[in-house]
Amino acid sequence: MTRKPRDYDDIPGTYVFDYERAHQGYHLNMFSMSLLKSENRKAFLENEEAYLQKFPMTPEQRQTVLKRDWLGMVKLGGNIYYTSKIGATLGKSFQYIAAEMSGVSQQEYADMMLNGGRTPEGNRSLSGKK
Amino acid sequence: MAKILAGVGTSHVPAIGAALDTGKAGEPYWKPIFDGYQRSREWLAKVKPDVVILVYNDHGTAFALDVVPTFALGIAAEYQPADEGWGPRPVPVVKGHLELSRHLAESLIFDEFDLAIVNEMAVDHGLTVPLSLMCGQPAEWPFKVIPLAVNVVQYPPPTGKRCFALGRAIRKAVENFDQDLRVVVFGTGGMSHQLHGERAGLINREWDNQFLDGLTQDPQRLVKIPHVEYMRETGAEGIEMVMWLIMRGALNDNVKEVYRFYHVPGSNTAVGNIVIENK
């Protein structure tokens, strides 16, 4: 897939949900959205693999859900406002998911937020020019 | 005639709603936030608006990715609180204002803002958390609400300039409405937050406060901020702040800041609140 360079490509640790990512993650996100209905949450929790088969995702996308690989979901086109519904179904908060994605324990992440959050210093640009 | 009296900017963090709904508002983590909004709540109770035009974004709740409206105006009689994965929030049904919402839709479209029109939708935390923060836990919301949903999930959202211009058109439409109504506009979302990726948790206190300053001192500077700056400086999800510019556009050039509150953290987010009155 050819993708034209974007001004936001050099923001580190960030996966802007543009049209390319929306296309790539469409079924993963629509699966996530299906969990807004309580009967679907029940069906998913009873048999995750069978439920996931109802949506035409890639096998890799299904694996990220089964493995609770929150960052992997985002890298394969998942949008956090959608994948967080998987979190809600599993009783996991936005903050839990954010800690998982940034590779620290939930306590470390919570402490970072209590101390004012992640600083923008050194986190603005991969090239370090901004 | 109807009149816009003031604007309110506020974050809409879902965990704040959950804290209130589960009786945790008095806990040390959440208390500073609810205390910080106390003056805004008192102010709003005195202003007693008839209608709030509430600018917010849906988070994959009423709208999915199959159709993505950039601006969607609700013209329904009521809106049910949505089930976002853990059951609907136990908050009152949101009542619309049929006549003013129809007038707004018609006026804005003839003013060349080609809105999507919504006759039925559930409203998620983006709309109900600001109501909770500004009104507490009443049995009924004390005013009618006209929801204006803005896409900020699918990149690109509308520009700040377009948002401000829409606010201007809203002001004109309200002022041409022939009922005596007191109207307040809420712009919601933000402030700094990034919810995804390795950079999750980014907070930029300095940038946020400059944005709050700019709302009264130099809104034309804010209108020119490019999307990449919001994302780089305030986190990818900080781009929600373009919605505050609809609120600002709906106010007069001459305004005064009545109150401001800023607190980190509300879960992953910098919680900001500002009350701005027309002079």
# chains A, B, ... in the order shown; residues from 1 in each chain; ligands from 1
>>> residues_around(residues="Asp69 of chain A", least_positions_apart="4", cutoff="12 Å", atoms="only C-alpha atoms", output="VMD selection string")
(chain A and resid 60 to 65 73 to 76 78 83 86 to 87 97 to 103) or (chain B and resid 197)
>>> closest_atom_pairs(of="chain A", to="chain B", cutoff="9 Å", atoms="only C-alpha atoms", output="Markdown table")
| residue | atom | partner | partner_atom | distance |
| --- | --- | --- | --- | --- |
| A:Asp7 | CA | B:Val228 | CA | 6.7 |
| A:Tyr8 | CA | B:Val228 | CA | 5.8 |
| A:Ile11 | CA | B:Arg232 | CA | 6.1 |
| A:Pro12 | CA | B:Arg199 | CA | 6.8 |
| A:Gly13 | CA | B:Glu198 | CA | 4.4 |
| A:Thr14 | CA | B:Gly197 | CA | 5.3 |
| A:Tyr15 | CA | B:Gly197 | CA | 6.7 |
| A:Val16 | CA | B:Ala236 | CA | 6.9 |
| A:Phe17 | CA | B:Tyr155 | CA | 5.6 |
| A:Asp18 | CA | B:Tyr155 | CA | 4.6 |
| A:Tyr19 | CA | B:Tyr155 | CA | 7.0 |
| A:Ala22 | CA | B:Gln154 | CA | 7.5 |
| A:Tyr26 | CA | B:Leu65 | CA | 7.2 |
| A:Asn29 | CA | B:Leu65 | CA | 7.9 |
| A:Met30 | CA | B:Ala64 | CA | 7.3 |
| A:Met33 | CA | B:Gly60 | CA | 6.8 |
| A:Leu35 | CA | B:Gly85 | CA | 6.3 |
| A:Leu36 | CA | B:Gly85 | CA | 4.7 |
| A:Lys37 | CA | B:Gly85 | CA | 7.2 |
| A:Ser38 | CA | B:Gly85 | CA | 7.5 |
| A:Arg41 | CA | B:Gly85 | CA | 8.0 |
| A:Trp70 | CA | B:Gly197 | CA | 8.7 |
| A:Leu71 | CA | B:Gly197 | CA | 6.2 |
| A:Val74 | CA | B:Gly197 | CA | 7.2 |
| A:Lys75 | CA | B:Gly197 | CA | 8.5 |
| A:Asn79 | CA | B:His196 | CA | 8.2 |
| A:Ile80 | CA | B:His196 | CA | 6.1 |
| A:Tyr81 | CA | B:His59 | CA | 5.7 |
| A:Tyr82 | CA | B:Gly60 | CA | 6.1 |
| A:Ser84 | CA | B:Gly85 | CA | 8.8 |
| A:Lys85 | CA | B:Gly85 | CA | 5.7 |
| A:Ile86 | CA | B:Gly85 | CA | 8.0 |
| A:Gly87 | CA | B:Gly85 | CA | 8.6 |
| A:Ala88 | CA | B:Gly85 | CA | 5.4 |
| A:Thr89 | CA | B:Gly85 | CA | 6.0 |
| A:Gly91 | CA | B:Trp86 | CA | 8.4 |
| A:Ser93 | CA | B:Ala15 | CA | 8.5 |
| A:Phe94 | CA | B:Leu195 | CA | 7.3 |
| A:Gln95 | CA | B:Asn268 | CA | 6.3 |
| A:Ile97 | CA | B:His196 | CA | 8.1 |
| A:Ala98 | CA | B:Ala200 | CA | 5.8 |
| A:Ala99 | CA | B:Ala200 | CA | 7.7 |
| A:Glu100 | CA | B:Glu198 | CA | 8.8 |
| A:Met101 | CA | B:Gly197 | CA | 5.5 |
| A:Ser102 | CA | B:Glu198 | CA | 3.9 |
| A:Gly103 | CA | B:Glu198 | CA | 7.1 |
| A:Tyr109 | CA | B:Gly201 | CA | 8.0 |
| A:Ala110 | CA | B:Ser267 | CA | 8.0 |
| A:Met112 | CA | B:Gly201 | CA | 8.0 |
| A:Met113 | CA | B:Pro265 | CA | 5.8 |
| A:Leu114 | CA | B:Pro265 | CA | 6.0 |
| A:Asn115 | CA | B:Val264 | CA | 8.2 |
| A:Gly116 | CA | B:Val264 | CA | 5.8 |
| A:Gly117 | CA | B:Ile203 | CA | 5.1 |
| A:Arg118 | CA | B:Leu202 | CA | 4.3 |
| A:Thr119 | CA | B:Leu202 | CA | 6.0 |
| A:Pro120 | CA | B:Asn204 | CA | 6.3 |
| A:Asn123 | CA | B:Arg199 | CA | 7.5 |
| A:Arg124 | CA | B:Arg232 | CA | 5.5 |
| A:Ser125 | CA | B:Arg232 | CA | 7.7 |
>>> select_by_dssp(residues="segment 44-272 of chain B", states="helix (DSSP H, G or I)", output="PyMOL selection string")
chain B and resi 44-47+98-110+125-135+160-175+205-217+219-223+227-234+236-249
>>> residues_around(residues="Ile274 of chain B", least_positions_apart="2", cutoff="8 Å", atoms="only C-alpha atoms", output="NGL selection string")
:B and (8-10 or 212 or 257-261 or 272 or 276)
>>> select_by_dssp(residues="segment 26-256 of chain B", states="strand (DSSP E or B)", output="count of residues only")
38
>>> atom_distance(atom1="atom CA of Asn278 of chain B", atom2="atom CA of Ile4 of chain B")
8.0 Å
>>> closest_residue(among="A:Leu126, A:Val104, A:Met57, A:Leu66", to="His27 of chain A", atoms="only C-alpha atoms")
A:Met57
>>> residues_around(residues="Gly187 of chain B", least_positions_apart="2", cutoff="7 Å", atoms="only C-alpha atoms", output="PyMOL selection string")
chain B and resi 8-10+54-56+185+243-244+246-247
>>> write_last_selection(atoms="N, CA and C atoms", output="PDB file, in the first residue's frame")
ATOM      1  N   VAL B   8     -19.380  27.935  27.546  1.00  0.00           N
ATOM      2  CA  VAL B   8     -18.681  27.112  28.534  1.00  0.00           C
ATOM      3  C   VAL B   8     -17.779  26.150  27.777  1.00  0.00           C
ATOM      4  N   GLY B   9     -16.521  26.100  28.175  1.00  0.00           N
ATOM      5  CA  GLY B   9     -15.634  25.059  27.666  1.00  0.00           C
ATOM      6  C   GLY B   9     -15.439  24.036  28.763  1.00  0.00           C
ATOM      7  N   THR B  10     -15.521  22.772  28.416  1.00  0.00           N
ATOM      8  CA  THR B  10     -15.298  21.745  29.438  1.00  0.00           C
ATOM      9  C   THR B  10     -14.842  20.427  28.818  1.00  0.00           C
ATOM     10  N   LEU B  54     -25.061  22.096  22.713  1.00  0.00           N
ATOM     11  CA  LEU B  54     -23.937  21.353  23.285  1.00  0.00           C
ATOM     12  C   LEU B  54     -23.099  20.721  22.166  1.00  0.00           C
ATOM     13  N   VAL B  55     -21.928  21.299  21.954  1.00  0.00           N
ATOM     14  CA  VAL B  55     -21.002  20.824  20.928  1.00  0.00           C
ATOM     15  C   VAL B  55     -20.145  19.724  21.541  1.00  0.00           C
ATOM     16  N   TYR B  56     -20.171  18.569  20.947  1.00  0.00           N
ATOM     17  CA  TYR B  56     -19.453  17.426  21.528  1.00  0.00           C
ATOM     18  C   TYR B  56     -19.103  16.475  20.397  1.00  0.00           C
ATOM     19  N   VAL B 185     -23.854  28.170  25.038  1.00  0.00           N
ATOM     20  CA  VAL B 185     -23.210  27.195  24.154  1.00  0.00           C
ATOM     21  C   VAL B 185     -22.082  26.515  24.915  1.00  0.00           C
ATOM     22  N   MET B 243     -13.425  21.809  18.933  1.00  0.00           N
ATOM     23  CA  MET B 243     -14.855  22.003  19.219  1.00  0.00           C
ATOM     24  C   MET B 243     -15.101  23.223  20.105  1.00  0.00           C
ATOM     25  N   TRP B 244     -14.101  23.580  20.912  1.00  0.00           N
ATOM     26  CA  TRP B 244     -14.254  24.765  21.753  1.00  0.00           C
ATOM     27  C   TRP B 244     -14.359  26.018  20.882  1.00  0.00           C
ATOM     28  N   ILE B 246     -16.070  26.358  18.162  1.00  0.00           N
ATOM     29  CA  ILE B 246     -17.473  26.584  17.767  1.00  0.00           C
ATOM     30  C   ILE B 246     -18.151  27.423  18.854  1.00  0.00           C
ATOM     31  N   MET B 247     -17.914  27.012  20.090  1.00  0.00           N
ATOM     32  CA  MET B 247     -18.451  27.782  21.227  1.00  0.00           C
ATOM     33  C   MET B 247     -17.962  29.229  21.165  1.00  0.00           C
TER      34      MET B 247
END
>>> closest_residue(among="A:Gly122, A:Gly77, A:Gly72, A:Pro56", to="Glu20 of chain A", atoms="only C-alpha atoms")
A:Gly77
>>> residues_around(residues="His125 of chain B", least_positions_apart="3", cutoff="8 Å", atoms="only C-alpha atoms", output="list of chain:residue names")
B:His12, B:Val13, B:Pro14, B:Gly17, B:Thr128, B:Val129, B:Pro130
>>> closest_residue(among="B:Leu127, B:Gly96, B:Gly7, B:Tyr37", to="Lys256 of chain B", atoms="only C-alpha atoms")
B:Gly7
>>> atom_distance(atom1="atom CA of Pro157 of chain B", atom2="atom CA of Val68 of chain B")
10.4 Å
>>> atom_distance(atom1="atom CA of Arg221 of chain B", atom2="atom CA of Ile109 of chain B")
27.0 Å
